[in-house]
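> Sharing entry38.csv (CSV, C-alpha atoms) below.
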```csv
chain,number,residue,atom,x,y,z
A,1,MET,CA,131.7,99.7,54.0
A,2,LYS,CA,128.1,100.9,54.1
A,3,GLU,CA,126.9,97.6,52.7
A,4,LYS,CA,124.0,96.0,54.5
A,5,LEU,CA,125.4,92.8,56.1
A,6,PRO,CA,123.4,89.7,55.2
A,7,SER,CA,122.0,87.2,57.7
A,8,LEU,CA,122.0,89.5,60.7
A,9,ASP,CA,118.2,89.9,60.8
A,10,GLY,CA,117.9,86.1,60.3
A,11,TRP,CA,120.0,85.5,63.3
A,12,ARG,CA,118.0,88.0,65.3
A,13,ALA,CA,114.9,85.9,64.3
A,14,VAL,CA,116.6,82.7,65.6
A,15,SER,CA,117.6,84.5,68.9
A,16,ILE,CA,114.2,85.8,69.6
A,17,SER,CA,112.6,82.5,68.8
A,18,LEU,CA,114.9,80.8,71.4
A,19,VAL,CA,113.8,83.4,74.0
A,20,LEU,CA,110.1,82.8,73.2
A,21,LEU,CA,110.4,79.1,73.3
A,22,SER,CA,112.2,79.3,76.6
A,23,HIS,CA,109.6,81.5,78.2
A,24,CYS,CA,106.7,79.3,77.2
A,25,MET,CA,107.2,77.3,80.4
A,26,TYR,CA,106.1,80.4,82.4
A,27,ALA,CA,102.7,80.6,80.6
A,28,GLY,CA,99.6,78.9,82.0
A,29,GLY,CA,98.6,75.9,80.0
A,30,PHE,CA,102.2,74.8,79.3
A,31,PRO,CA,102.5,71.0,80.0
A,32,PRO,CA,104.0,70.7,83.5
A,33,ARG,CA,105.8,67.5,82.7
A,34,LEU,CA,107.9,69.3,80.1
A,35,ILE,CA,109.1,72.2,82.4
A,36,PRO,CA,112.1,70.5,84.0
A,37,GLY,CA,113.7,69.5,80.6
A,38,TRP,CA,112.6,72.8,79.1
A,39,ASP,CA,114.3,74.8,81.9
A,40,ALA,CA,117.5,72.7,81.7
A,41,ALA,CA,117.8,73.2,78.0
A,42,GLY,CA,118.8,76.9,78.6
A,43,LEU,CA,117.4,78.1,75.3
A,44,GLY,CA,116.6,81.6,76.6
A,45,GLY,CA,120.2,82.1,77.8
A,46,LEU,CA,121.5,80.9,74.4
A,47,GLY,CA,119.2,83.3,72.6
A,48,VAL,CA,120.4,86.2,74.7
A,49,ARG,CA,124.0,85.3,74.1
A,50,CYS,CA,123.3,85.3,70.4
A,51,PHE,CA,121.8,88.8,70.7
A,52,PHE,CA,124.9,90.0,72.6
A,53,VAL,CA,127.3,88.7,70.0
A,54,ILE,CA,125.2,90.3,67.2
A,55,SER,CA,125.2,93.6,69.1
A,56,GLY,CA,128.9,93.6,69.7
A,57,PHE,CA,129.5,92.7,66.1
A,58,LEU,CA,127.2,95.4,64.6
A,59,ILE,CA,128.1,98.3,66.9
A,60,THR,CA,131.8,97.7,66.3
A,61,TRP,CA,131.3,97.4,62.5
A,62,LEU,CA,129.4,100.7,62.4
A,63,LEU,CA,131.9,102.5,64.6
A,64,VAL,CA,135.0,101.2,62.8
A,65,SER,CA,133.4,101.9,59.4
A,66,GLU,CA,132.7,105.5,60.5
A,67,ARG,CA,136.3,106.0,61.7
A,68,GLU,CA,137.7,104.6,58.5
A,69,GLU,CA,135.4,106.7,56.3
A,70,THR,CA,135.5,110.0,58.1
A,71,GLY,CA,138.7,109.8,60.3
A,72,ARG,CA,136.7,110.1,63.5
A,73,ILE,CA,133.9,108.7,65.6
A,74,ASN,CA,131.1,111.2,66.4
A,75,LEU,CA,130.1,110.1,69.9
A,76,GLY,CA,127.2,112.5,70.0
A,77,ASN,CA,125.6,111.2,66.9
A,78,PHE,CA,126.2,107.6,68.1
A,79,TYR,CA,124.4,108.1,71.4
A,80,ILE,CA,121.5,110.0,69.7
A,81,ARG,CA,121.0,107.1,67.3
A,82,ARG,CA,121.0,104.7,70.3
A,83,VAL,CA,118.5,106.8,72.2
A,84,LEU,CA,116.2,107.0,69.2
A,85,ARG,CA,116.5,103.3,68.6
A,86,ILE,CA,115.8,102.1,72.2
A,87,PHE,CA,114.1,104.7,74.3
A,88,PRO,CA,110.7,105.0,72.5
A,89,VAL,CA,109.7,101.3,72.8
A,90,TYR,CA,111.5,100.8,76.1
A,91,PHE,CA,109.9,103.7,78.0
A,92,THR,CA,106.5,103.1,76.4
A,93,TYR,CA,106.6,99.6,77.8
A,94,LEU,CA,107.4,100.9,81.3
A,95,GLY,CA,104.8,103.6,81.0
A,96,ILE,CA,102.1,101.2,80.1
A,97,LEU,CA,103.0,98.8,82.9
A,98,ALA,CA,103.1,101.7,85.4
A,99,PHE,CA,100.0,103.6,84.5
A,100,LEU,CA,97.7,101.3,82.5
A,101,THR,CA,97.9,98.0,84.3
A,102,ARG,CA,97.7,96.8,87.9
A,103,TYR,CA,101.4,95.9,87.9
A,104,TRP,CA,103.4,96.9,91.0
A,105,GLN,CA,107.0,96.8,91.9
A,106,ASP,CA,109.2,98.5,94.5
A,107,ALA,CA,111.1,101.8,94.1
A,108,PRO,CA,114.5,100.1,93.6
A,109,SER,CA,113.2,98.0,90.8
A,110,TRP,CA,111.7,101.0,89.0
A,111,ALA,CA,115.0,102.9,89.6
A,112,GLY,CA,116.9,100.0,88.0
A,113,ASN,CA,114.5,99.9,85.0
A,114,LEU,CA,114.7,103.7,84.5
A,115,THR,CA,118.5,103.9,84.7
A,116,PHE,CA,119.3,100.7,82.8
A,117,THR,CA,120.8,99.0,85.8
A,118,THR,CA,118.3,96.2,86.2
A,119,ASN,CA,121.2,93.8,85.5
A,120,PHE,CA,122.7,94.9,88.8
A,121,VAL,CA,119.6,95.5,91.1
A,122,GLY,CA,117.1,93.1,89.7
A,123,SER,CA,113.3,93.4,89.4
A,124,PRO,CA,110.1,91.2,89.2
A,125,PHE,CA,109.4,89.0,86.2
A,126,PRO,CA,107.5,91.5,84.0
A,127,THR,CA,110.5,93.9,84.0
A,128,PHE,CA,113.3,91.5,84.7
A,129,HIS,CA,114.1,90.9,81.1
A,130,LEU,CA,115.3,94.5,80.9
A,131,TRP,CA,118.5,93.4,82.5
A,132,THR,CA,119.8,92.7,78.9
A,133,LEU,CA,119.1,96.3,77.9
A,134,GLY,CA,121.2,97.3,80.9
A,135,VAL,CA,124.1,95.2,79.7
A,136,GLU,CA,123.7,96.7,76.2
A,137,GLU,CA,123.5,100.3,77.4
A,138,GLN,CA,126.6,99.9,79.6
A,139,PHE,CA,128.4,98.4,76.6
A,140,TYR,CA,127.3,101.4,74.5
A,141,LEU,CA,128.8,103.8,77.1
A,142,LEU,CA,132.1,101.9,77.4
A,143,TRP,CA,133.1,100.5,74.0
A,144,PRO,CA,132.9,103.7,71.8
A,145,LEU,CA,135.0,105.5,74.5
A,146,ILE,CA,137.6,102.7,74.5
A,147,LEU,CA,137.8,102.9,70.7
A,148,LEU,CA,138.5,106.6,71.0
A,149,LEU,CA,140.9,106.5,73.9
A,150,CYS,CA,143.1,103.6,72.8
A,151,ALA,CA,143.3,104.9,69.2
A,152,ALA,CA,143.7,101.2,68.3
A,153,SER,CA,144.2,99.9,64.8
A,154,GLY,CA,142.8,96.8,63.4
A,155,LYS,CA,145.9,94.9,64.7
A,156,THR,CA,145.6,96.0,68.3
A,157,LEU,CA,141.9,95.9,68.9
A,158,PRO,CA,141.7,92.1,69.3
A,159,LYS,CA,144.3,92.4,72.0
A,160,VAL,CA,142.2,95.0,73.9
A,161,LEU,CA,139.2,92.8,73.6
A,162,LEU,CA,141.0,89.9,75.3
A,163,ILE,CA,140.4,91.7,78.6
A,164,PRO,CA,136.6,90.9,78.8
A,165,LEU,CA,137.3,87.4,77.5
A,166,VAL,CA,139.3,86.9,80.7
A,167,VAL,CA,137.3,89.0,83.1
A,168,ALA,CA,133.9,87.5,82.5
A,169,PRO,CA,134.8,83.8,83.0
A,170,VAL,CA,136.7,84.8,86.2
A,171,VAL,CA,133.7,86.8,87.5
A,172,ARG,CA,131.4,83.8,86.8
A,173,LEU,CA,133.8,81.5,88.6
A,174,LEU,CA,134.0,83.7,91.6
A,175,PHE,CA,130.2,83.9,91.7
A,176,CYS,CA,129.9,80.1,91.4
A,177,LYS,CA,132.3,79.6,94.3
A,178,ARG,CA,131.1,82.6,96.3
A,179,TRP,CA,134.6,83.9,96.6
A,180,PHE,CA,133.6,87.5,97.3
A,181,PRO,CA,132.1,89.6,100.1
A,182,ASP,CA,128.4,89.2,100.5
A,183,HIS,CA,127.8,93.0,100.0
A,184,MET,CA,129.3,92.7,96.5
A,185,ASP,CA,126.8,90.2,95.3
A,186,TRP,CA,125.4,92.7,92.8
A,187,LEU,CA,128.7,93.0,91.1
A,188,PHE,CA,129.4,89.3,90.6
A,189,GLN,CA,125.9,87.8,90.1
A,190,GLY,CA,125.0,86.2,86.8
A,191,TYR,CA,123.3,89.1,85.2
A,192,SER,CA,125.9,91.8,85.8
A,193,PHE,CA,127.7,93.4,83.0
A,194,PHE,CA,131.0,91.9,84.1
A,195,SER,CA,129.5,88.5,83.9
A,196,LYS,CA,128.2,88.9,80.4
A,197,CYS,CA,130.7,91.2,78.7
A,198,ASP,CA,132.6,88.3,77.0
A,199,SER,CA,129.7,87.6,74.7
A,200,LEU,CA,129.7,91.2,73.5
A,201,ALA,CA,133.5,91.0,73.1
A,202,TYR,CA,133.3,88.0,70.9
A,203,GLY,CA,131.1,89.9,68.5
A,204,CYS,CA,133.5,92.9,68.6
A,205,ILE,CA,136.4,90.6,67.7
A,206,GLY,CA,134.5,89.0,64.9
A,207,SER,CA,133.7,92.5,63.5
A,208,VAL,CA,137.3,93.6,63.7
A,209,LEU,CA,138.6,90.5,62.0
A,210,LEU,CA,136.0,90.7,59.2
A,211,PHE,CA,136.6,94.4,58.7
A,212,TYR,CA,140.4,94.4,58.6
A,213,HIS,CA,141.2,90.9,57.6
A,214,ARG,CA,138.2,89.9,55.4
A,215,GLN,CA,140.3,88.1,52.8
A,216,ARG,CA,142.1,85.9,55.3
A,217,VAL,CA,138.9,85.0,57.1
A,218,GLN,CA,137.2,84.2,53.8
A,219,THR,CA,140.1,82.0,52.7
A,220,LEU,CA,139.9,80.1,56.0
A,221,TYR,CA,136.2,79.5,55.6
A,222,GLN,CA,136.7,78.4,52.0
A,223,LYS,CA,139.3,75.9,53.0
A,224,TYR,CA,137.5,74.5,56.1
A,225,PHE,CA,133.8,75.3,55.6
A,226,ALA,CA,132.4,72.0,56.9
A,227,LEU,CA,134.9,71.7,59.7
A,228,ILE,CA,134.1,75.2,61.0
A,229,SER,CA,130.4,74.6,60.7
A,230,TRP,CA,130.4,71.4,62.7
A,231,SER,CA,132.9,72.7,65.3
A,232,ALA,CA,130.7,75.8,65.8
A,233,LEU,CA,127.6,73.6,66.3
A,234,ALA,CA,129.5,71.4,68.7
A,235,LEU,CA,130.6,74.4,70.8
A,236,ILE,CA,126.9,75.5,71.0
A,237,ALA,CA,125.4,72.1,71.7
A,238,LEU,CA,128.0,70.7,74.2
A,239,PRO,CA,127.0,73.0,77.1
A,240,LEU,CA,123.4,71.9,76.6
A,241,LEU,CA,124.4,68.3,76.8
A,242,LEU,CA,126.9,68.6,79.6
A,243,ARG,CA,124.4,70.2,81.9
A,244,HIS,CA,122.6,66.8,82.0
A,245,MET,CA,125.9,65.0,83.0
A,246,TYR,CA,128.3,65.4,85.8
A,247,PHE,CA,130.4,68.3,84.9
A,248,PRO,CA,132.0,70.6,87.6
A,249,PRO,CA,129.8,73.6,88.2
A,250,ARG,CA,132.9,75.9,88.3
A,251,LEU,CA,133.8,74.8,84.8
A,252,GLN,CA,130.2,75.3,83.6
A,253,ALA,CA,130.2,78.8,85.0
A,254,ALA,CA,133.5,79.8,83.5
A,255,LEU,CA,133.4,78.1,80.1
A,256,PHE,CA,129.8,77.5,78.8
A,257,ASP,CA,129.1,81.1,77.9
A,258,CYS,CA,132.4,81.3,76.1
A,259,MET,CA,131.9,78.1,74.2
A,260,GLN,CA,128.4,79.1,72.9
A,261,ALA,CA,129.4,82.7,72.1
A,262,SER,CA,132.5,81.6,70.1
A,263,GLY,CA,130.5,78.9,68.3
A,264,PHE,CA,127.8,81.3,67.4
A,265,LEU,CA,130.3,83.9,66.2
A,266,ALA,CA,131.8,81.3,63.8
A,267,LEU,CA,128.4,80.7,62.3
A,268,LEU,CA,127.6,84.4,62.2
A,269,LEU,CA,130.8,85.1,60.2
A,270,GLN,CA,130.1,82.2,57.9
A,271,SER,CA,126.5,83.3,57.2
A,272,ILE,CA,127.7,86.9,56.4
A,273,LEU,CA,130.4,85.7,54.0
A,274,TYR,CA,128.2,83.0,52.4
A,275,PRO,CA,124.6,84.1,52.7
A,276,GLY,CA,123.5,81.8,49.9
A,277,LYS,CA,125.1,78.6,51.2
A,278,GLY,CA,123.6,75.9,53.5
A,279,PHE,CA,121.6,77.1,56.5
A,280,SER,CA,122.4,80.7,55.7
A,281,ARG,CA,119.9,80.7,52.8
A,282,ALA,CA,117.1,80.2,55.4
A,283,LEU,CA,118.3,83.1,57.4
A,284,ASN,CA,117.7,85.4,54.5
A,285,TRP,CA,114.2,84.3,53.6
A,286,ARG,CA,111.9,87.3,53.7
A,287,TRP,CA,109.7,86.2,56.5
A,288,VAL,CA,112.7,85.2,58.7
A,289,ARG,CA,114.3,88.6,58.1
A,290,HIS,CA,110.9,90.3,59.0
A,291,LEU,CA,110.8,88.4,62.3
A,292,GLY,CA,114.4,89.6,63.0
A,293,VAL,CA,113.5,93.2,62.2
A,294,LEU,CA,110.7,92.9,64.8
A,295,SER,CA,112.9,91.2,67.4
A,296,PHE,CA,113.5,94.2,69.6
A,297,SER,CA,109.8,95.0,69.9
A,298,ILE,CA,109.0,91.3,70.4
A,299,TYR,CA,111.6,91.0,73.2
A,300,ILE,CA,110.4,94.1,75.0
A,301,TRP,CA,106.7,93.2,74.9
A,302,GLN,CA,106.7,89.4,75.3
A,303,GLN,CA,107.3,89.6,79.1
A,304,MET,CA,104.0,91.4,79.5
A,305,PHE,CA,102.0,88.5,78.2
A,306,CYS,CA,104.0,85.5,79.3
A,307,GLY,CA,102.0,84.0,82.2
A,308,THR,CA,101.5,87.4,83.9
A,309,ASP,CA,97.7,87.3,83.8
A,310,PHE,CA,97.1,88.4,87.4
A,311,SER,CA,100.2,90.4,88.2
A,312,VAL,CA,99.7,92.6,85.2
A,313,PHE,CA,96.1,92.3,84.1
A,314,GLY,CA,94.4,91.4,87.3
A,315,ARG,CA,92.8,88.4,85.8
A,316,GLU,CA,93.2,84.7,86.5
A,317,SER,CA,93.9,82.5,83.4
A,318,ALA,CA,93.5,85.3,80.9
A,319,TRP,CA,93.5,83.7,77.4
A,320,TRP,CA,96.1,86.1,76.0
A,321,THR,CA,98.7,85.1,78.7
A,322,ARG,CA,98.3,81.3,78.3
A,323,PHE,CA,100.2,78.9,76.2
A,324,PRO,CA,100.3,79.0,73.2
A,325,MET,CA,98.1,82.1,72.6
A,326,TRP,CA,100.5,84.5,74.3
A,327,ILE,CA,102.9,84.1,71.4
A,328,PRO,CA,100.6,85.4,68.6
A,329,VAL,CA,99.4,88.1,70.9
A,330,THR,CA,103.0,89.2,71.5
A,331,LEU,CA,103.6,89.2,67.7
A,332,LEU,CA,100.6,91.3,67.1
A,333,VAL,CA,101.6,93.9,69.7
A,334,ALA,CA,105.2,93.8,68.4
A,335,HIS,CA,104.0,94.7,64.9
A,336,LEU,CA,102.0,97.6,66.3
A,337,SER,CA,105.1,98.7,68.3
A,338,TYR,CA,107.4,98.5,65.3
A,339,TYR,CA,105.2,100.5,63.0
A,340,LEU,CA,104.0,103.0,65.5
A,341,LEU,CA,107.0,103.5,67.8
A,342,GLU,CA,110.2,102.3,66.0
A,343,LYS,CA,109.7,103.0,62.3
A,344,PRO,CA,108.7,106.7,62.7
A,345,PHE,CA,112.2,107.4,64.1
A,346,PHE,CA,114.1,105.7,61.3
A,347,SER,CA,114.4,108.8,59.1
A,348,LEU,CA,115.4,110.9,62.1
A,349,ARG,CA,118.1,108.4,63.0
A,350,GLN,CA,119.5,108.6,59.4
A,351,LYS,CA,120.2,112.3,60.0
A,352,PHE,CA,122.8,111.4,62.6
A,353,ARG,CA,124.7,108.8,60.6
A,354,ALA,CA,128.1,109.5,59.2
```
Can the structure in the file be given as structure tokens, please?

Amino acid sequence: MKEKLPSLDGWRAVSISLVLLSHCMYAGGFPPRLIPGWDAAGLGGLGVRCFFVISGFLITWLLVSEREETGRINLGNFYIRRVLRIFPVYFTYLGILAFLTRYWQDAPSWAGNLTFTTNFVGSPFPTFHLWTLGVEEQFYLLWPLILLLCAASGKTLPKVLLIPLVVAPVVRLLFCKRWFPDHMDWLFQGYSFFSKCDSLAYGCIGSVLLFYHRQRVQTLYQKYFALISWSALALIALPLLLRHMYFPPRLQAALFDCMQASGFLALLLQSILYPGKGFSRALNWRWVRHLGVLSFSIYIWQQMFCGTDFSVFGRESAWWTRFPMWIPVTLLVAHLSYYLLEKPFFSLRQKFRA
């Protein structure tokens, strides 16, 4: 099970492209008349949901593979790999913001950034995107422990994962209706772990199904390939369309994330099983995969250049923060970050693999 799964880097490229497109509206020079429609499209939220599904899928695949091959999960090695993967770029970004720019934020925001709890406490725009890393880190703390404690087999893991599929929509519904004490706002607001954990869980479920029931899943796709494709696209697109129509906000809050995450999971599994068929071919083009490999660095650094000319650089209308130049500048910095901060740790991470 040490095979390299196809199409994952391609989907990472799609996800980061959605985030970049969404953030264009914050950059100076972006056409103001396009902002309302751009904002309503929700492309950034969709991109982040895709990232969460991919993360849930891959982490579960690696952990389950390790347990099947070695009979155990080495938590110490897992957390060391995560630290080596995330910390160098993450804390370099924060360090540069803190010490090499004019950027300022209050102590609670810095505390949230440094402890991966920005998703609960919030922070200003240049560090607000780190809420997603908070969700990811909390997932890394919980999910491997759950795998160990429940000692679940491939048959029972999907049942365990039904819990976040219920919890997250209920939390979003409670937040939409304000059915909770005001002092617990941090727990129910839209960026908390409890509001987003279902997207991660969909990825986990897909990984378990593919690992333990690959033949059945493949047979299903062989039989209903086109139907699954169109149904998945419909699940992703419908929330984007229904936002422009009258649709009860409580149902939007509870269901839209679930619809898009499950639709994306169906496409993800399809592209892994059939990487040379249909749209999946494009996901495995070399330049697309390269963009996906850079996606973590791109995501971390893009918020520094996205319309933050004065708050970060102390200049009005700096060309490197304006649309569309902020995107190639971000890509350049992401390349430097990948080759100078990420890649040097790859060989070290390999030492802590099963």
> Could you check the closest approach to Leu291 of chain A for each of A:Tyr338, A:Tyr202, A:Phe352, A:Phe57 and tell me which residue wins, using all atoms listed in the file?
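Smallest separation from Leu291 of chain A among the options: A:Tyr338.
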> Nearest residue to Gly56 of chain A out of A:Gln138, A:Tyr90, A:Glu68, A:Leu97, using all atoms listed in the file?
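The answer is A:Gln138, which sits nearest to Gly56 of chain A.
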> Under the rule that all atoms listed in the file are counted, which of A:Glu66, A:Asp182, A:Glu316, A:Glu136 is the nearest residue to Thr118 of chain A?
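Checking each candidate against Thr118 of chain A, we get A:Glu136 as the closest.
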> Would you compute the distance between atom CA of Ser317 of chain A and atom CA of Ile96 of chain A? Give it in Å to one decimal.
20.7 Å
> Please measure the separation of atom CA of Leu235 of chain A and atom CA of Val170 of chain A, giving the value in Å to one decimal.
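So the answer is 19.6 Å.
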> Would you mind listing, for every residue of segment 11-76 of chain A within 9 Å of segment 246-266 of chain A, the two atoms forming the shortest contact and the distance between them in Å to one decimal, using only C-alpha atoms, sorted by chain and ascending residue number, as JSON lines?

```
{"residue": "A:Gly45", "atom": "CA", "partner": "A:Asp257", "partner_atom": "CA", "distance": 9.0}
{"residue": "A:Leu46", "atom": "CA", "partner": "A:Gln260", "partner_atom": "CA", "distance": 7.3}
{"residue": "A:Arg49", "atom": "CA", "partner": "A:Ala261", "partner_atom": "CA", "distance": 6.3}
{"residue": "A:Cys50", "atom": "CA", "partner": "A:Phe264", "partner_atom": "CA", "distance": 6.7}
{"residue": "A:Phe52", "atom": "CA", "partner": "A:Ala261", "partner_atom": "CA", "distance": 8.6}
{"residue": "A:Val53", "atom": "CA", "partner": "A:Ala261", "partner_atom": "CA", "distance": 6.7}
{"residue": "A:Ile54", "atom": "CA", "partner": "A:Leu265", "partner_atom": "CA", "distance": 8.2}
{"residue": "A:Phe57", "atom": "CA", "partner": "A:Leu265", "partner_atom": "CA", "distance": 8.8}
```
> Within 10 Å of Thr117 of chain A, counting all atoms listed in the file, which residues show up once you throw out same-chain ones fewer than 2 positions away? Write them as a list in words, please.
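The neighbour list is Ser109, Trp110, Ala111, Gly112, Asn113, Leu114, Thr115, Asn119, Phe120, Val121, Gly122, Leu130, Trp131, Thr132, Leu133, Gly134, Val135, Glu137, Gln138, Ser192 and Phe193 of chain A.
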> Which residue is closest to Asp9 of chain A? Choose from A:Val288, A:Leu233, A:Ala318, A:Val83 and count only C-alpha atoms.
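Closest candidate: A:Val288.
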> With all atoms listed in the file as the atoms that count, which of A:Gln302, A:Asn284, A:Asn77, A:Thr70 lies nearest to Trp320 of chain A?
A:Gln302
